[in-house]
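Participant: Supplied in structure tokens, the structure appears directly below.
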Amino acid sequence: MDKVYAPRTIERRIYERWESHGWFAPRGAGAPYCIMIPPPNVTGTLHMGHAFQHTLMDALSRYHRMLGRAVLWQPGTDHAGIATQMVVERQLNAQGIKRTDLSRGAFLERVWRWKEKSGGTINAQMRRLGDSVDWSRDRFTMDAGPSRAVIEVFVRLHEQGLIYRGKRLVNWDPVLLTALSGSGTCATRSMTAPGTSWSRPPVPRPCWATPRSPCTPTMSATGTSRVSRCGCRSPGA
């Protein structure tokens with residue numbers, strides 16, 4: 001027996017056996033149990049926070065499999081479009097190439113090539129962690145299926161009056177020369193500013209929003225969070 005534990009020679013072999021036999025796919029006869037993994041940005045790599053939450057989801061998935069339930073732990077990655085564009089443009093700049101030197105198709109080809117490389121790194125990390133996800137169902141948020149589902153959901157929410165079209169939804173980035181969603185830029189501004197909040201499901205009104213409330217909201221040092229004397233926070237908190 002070796003004096004030092006070598007996880008690469010042991011854990012990789014065991015995981016490959018698990019995956020090759022399809023033991024992570026839903027196969028129980030009991031009630032379905034499903035976890036959708038919070039998709040990490042395809043431009044990055046997994047960190048300690050991912051490792052922590054993956055451990056919790058993996059433990060739950062394995063526990064419910066032992067109970068005989070049909071368990072699906074759905075893997076996937078998020079597109080992070082603007083971040084991806086920045087990474088690819090930096091690569092081009094290092095080669096003395098500008099994005100405008102390429103056609104739209106050629107630039108998109110570079111983006112997809114980077115996605116495959118970066119996404120493969122994340123999947124390799126998940127395998128090293130021993131994540132018991134169903135790899136046959138691995139998805140990317142820009143795949144045709146998820147894209148159609150997003151459009152369907154947004155249309156339904158709009159028809160139900162749960163989301164609406166804001167006055168200033170799009171902002172122009174003078175560096176990337178592209179449009180940015182207002183929902184992606186409002187983090188540095190107060191959510192109470194007109195036009196920055198584009199979705200508001202019905203929620204109970206806090207005490208500070210009630211007429212003649214004894215609570216008096218005050219602005220925090222950052223100017224973006226309002227806290228009343230009773231501790232209630234405004235939507236900008």
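Labels used: A, B, ... for chains in the order of the structure tokens, numbers from 1 for residues in each chain, and numbers from 1 for ligands as shown.
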Which residues are close to Gly119 in chain A, i.e. within 9 Å by only C-alpha atoms, leaving aside same-chain residues fewer than 4 positions away? Reply as a VMD selection string.

Facilitator: chain A and resid 41 to 45 77 114 to 115 123 to 124

Participant: Running DSSP on the backbone, which parts of range 13-178 of chain A land in strand (DSSP E), as a ChimeraX atom specification?

Facilitator: /A:32-36,70-74,76-77,139-140,170-173,178

Participant: Could the residues in this selection be written to a file with N, CA, C and O atoms, as a PDB file, in the first residue's frame?

Facilitator:
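Output (out_15.pdb):
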```
ATOM      1  N   PRO A  32     -40.224  11.837  -8.222  1.00  0.00           N
ATOM      2  CA  PRO A  32     -39.108  12.587  -8.806  1.00  0.00           C
ATOM      3  C   PRO A  32     -38.506  13.576  -7.807  1.00  0.00           C
ATOM      4  O   PRO A  32     -39.214  14.134  -6.971  1.00  0.00           O
ATOM      5  N   TYR A  33     -37.212  13.770  -7.920  1.00  0.00           N
ATOM      6  CA  TYR A  33     -36.498  14.747  -7.105  1.00  0.00           C
ATOM      7  C   TYR A  33     -35.485  15.416  -8.017  1.00  0.00           C
ATOM      8  O   TYR A  33     -34.615  14.749  -8.587  1.00  0.00           O
ATOM      9  N   CYS A  34     -35.596  16.734  -8.179  1.00  0.00           N
ATOM     10  CA  CYS A  34     -34.768  17.431  -9.153  1.00  0.00           C
ATOM     11  C   CYS A  34     -34.106  18.658  -8.540  1.00  0.00           C
ATOM     12  O   CYS A  34     -34.732  19.399  -7.788  1.00  0.00           O
ATOM     13  N   ILE A  35     -32.834  18.854  -8.863  1.00  0.00           N
ATOM     14  CA  ILE A  35     -32.090  20.052  -8.491  1.00  0.00           C
ATOM     15  C   ILE A  35     -31.481  20.638  -9.761  1.00  0.00           C
ATOM     16  O   ILE A  35     -30.770  19.946 -10.486  1.00  0.00           O
ATOM     17  N   MET A  36     -31.779  21.901 -10.028  1.00  0.00           N
ATOM     18  CA  MET A  36     -31.143  22.606 -11.137  1.00  0.00           C
ATOM     19  C   MET A  36     -29.913  23.324 -10.600  1.00  0.00           C
ATOM     20  O   MET A  36     -30.029  24.188  -9.739  1.00  0.00           O
ATOM     21  N   ALA A  70     -36.480   9.020  -8.195  1.00  0.00           N
ATOM     22  CA  ALA A  70     -35.919   9.326  -9.516  1.00  0.00           C
ATOM     23  C   ALA A  70     -35.261  10.700  -9.427  1.00  0.00           C
ATOM     24  O   ALA A  70     -35.922  11.728  -9.528  1.00  0.00           O
ATOM     25  N   VAL A  71     -33.961  10.707  -9.244  1.00  0.00           N
ATOM     26  CA  VAL A  71     -33.223  11.937  -8.951  1.00  0.00           C
ATOM     27  C   VAL A  71     -32.553  12.474 -10.221  1.00  0.00           C
ATOM     28  O   VAL A  71     -31.888  11.725 -10.941  1.00  0.00           O
ATOM     29  N   LEU A  72     -32.744  13.759 -10.456  1.00  0.00           N
ATOM     30  CA  LEU A  72     -32.037  14.455 -11.526  1.00  0.00           C
ATOM     31  C   LEU A  72     -31.332  15.658 -10.938  1.00  0.00           C
ATOM     32  O   LEU A  72     -31.975  16.563 -10.398  1.00  0.00           O
ATOM     33  N   TRP A  73     -30.005  15.648 -11.039  1.00  0.00           N
ATOM     34  CA  TRP A  73     -29.215  16.841 -10.720  1.00  0.00           C
ATOM     35  C   TRP A  73     -28.752  17.390 -12.057  1.00  0.00           C
ATOM     36  O   TRP A  73     -27.876  16.840 -12.701  1.00  0.00           O
ATOM     37  N   GLN A  74     -29.372  18.493 -12.484  1.00  0.00           N
ATOM     38  CA  GLN A  74     -29.185  19.045 -13.827  1.00  0.00           C
ATOM     39  C   GLN A  74     -27.968  19.963 -13.887  1.00  0.00           C
ATOM     40  O   GLN A  74     -27.923  20.988 -13.220  1.00  0.00           O
ATOM     41  N   GLY A  76     -25.144  22.542 -15.969  1.00  0.00           N
ATOM     42  CA  GLY A  76     -25.201  23.547 -17.026  1.00  0.00           C
ATOM     43  C   GLY A  76     -24.283  24.707 -16.720  1.00  0.00           C
ATOM     44  O   GLY A  76     -23.757  24.850 -15.611  1.00  0.00           O
ATOM     45  N   THR A  77     -24.077  25.562 -17.733  1.00  0.00           N
ATOM     46  CA  THR A  77     -23.261  26.764 -17.581  1.00  0.00           C
ATOM     47  C   THR A  77     -24.011  27.958 -18.150  1.00  0.00           C
ATOM     48  O   THR A  77     -24.850  27.816 -19.041  1.00  0.00           O
ATOM     49  N   ARG A 139     -26.440  21.390 -20.197  1.00  0.00           N
ATOM     50  CA  ARG A 139     -26.989  22.455 -21.035  1.00  0.00           C
ATOM     51  C   ARG A 139     -26.178  23.741 -20.879  1.00  0.00           C
ATOM     52  O   ARG A 139     -25.556  23.989 -19.851  1.00  0.00           O
ATOM     53  N   PHE A 140     -26.242  24.560 -21.946  1.00  0.00           N
ATOM     54  CA  PHE A 140     -25.663  25.898 -21.963  1.00  0.00           C
ATOM     55  C   PHE A 140     -26.812  26.863 -22.195  1.00  0.00           C
ATOM     56  O   PHE A 140     -27.712  26.589 -22.994  1.00  0.00           O
ATOM     57  N   VAL A 170     -32.143  49.833 -21.895  1.00  0.00           N
ATOM     58  CA  VAL A 170     -30.884  49.609 -22.598  1.00  0.00           C
ATOM     59  C   VAL A 170     -29.922  50.766 -22.373  1.00  0.00           C
ATOM     60  O   VAL A 170     -30.316  51.927 -22.424  1.00  0.00           O
ATOM     61  N   ASN A 171     -28.667  50.455 -22.120  1.00  0.00           N
ATOM     62  CA  ASN A 171     -27.598  51.443 -21.978  1.00  0.00           C
ATOM     63  C   ASN A 171     -26.502  51.125 -22.987  1.00  0.00           C
ATOM     64  O   ASN A 171     -26.260  49.959 -23.300  1.00  0.00           O
ATOM     65  N   TRP A 172     -25.836  52.159 -23.480  1.00  0.00           N
ATOM     66  CA  TRP A 172     -24.806  51.978 -24.498  1.00  0.00           C
ATOM     67  C   TRP A 172     -23.420  51.992 -23.863  1.00  0.00           C
ATOM     68  O   TRP A 172     -23.084  52.875 -23.086  1.00  0.00           O
ATOM     69  N   ASP A 173     -22.608  50.949 -24.179  1.00  0.00           N
ATOM     70  CA  ASP A 173     -21.241  50.864 -23.692  1.00  0.00           C
ATOM     71  C   ASP A 173     -20.323  51.455 -24.755  1.00  0.00           C
ATOM     72  O   ASP A 173     -20.175  50.881 -25.837  1.00  0.00           O
ATOM     73  N   THR A 178     -21.614  48.197 -27.611  1.00  0.00           N
ATOM     74  CA  THR A 178     -22.743  47.286 -27.601  1.00  0.00           C
ATOM     75  C   THR A 178     -23.750  47.746 -26.561  1.00  0.00           C
ATOM     76  O   THR A 178     -23.460  48.616 -25.740  1.00  0.00           O
TER      77      THR A 178
END
```

Participant: Could you go through range 8-200 of chain A and tell me which residues DSSP, when run on the backbone, assigns to alpha helix (DSSP H), listing them as a PyMOL selection string?

Facilitator: chain A and resi 8-20+48-66+81-94+104-129+144-159

Participant: Using only C-alpha atoms, which of the listed residues (A:Leu67, A:Leu129, A:Val88, A:Gln95) sits closest to Arg110 in chain A?

Facilitator: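 Checking each of A:Leu67, A:Leu129, A:Val88, A:Gln95 against Arg110 in chain A, counting only C-alpha atoms, the winner is A:Val88.
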
Participant: Rounded to one decimal, what separation in Å do you get between CA of Arg104 in chain A and CA of Pro174 in chain A?

Facilitator: 18.5 Å

Participant: Rounded to one decimal place, report the CA of Arg69 in chain A-CA of Ile10 in chain A distance in Å.

Facilitator: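 Straight-line distance from CA of Arg69 in chain A to CA of Ile10 in chain A works out to 28.3 Å.
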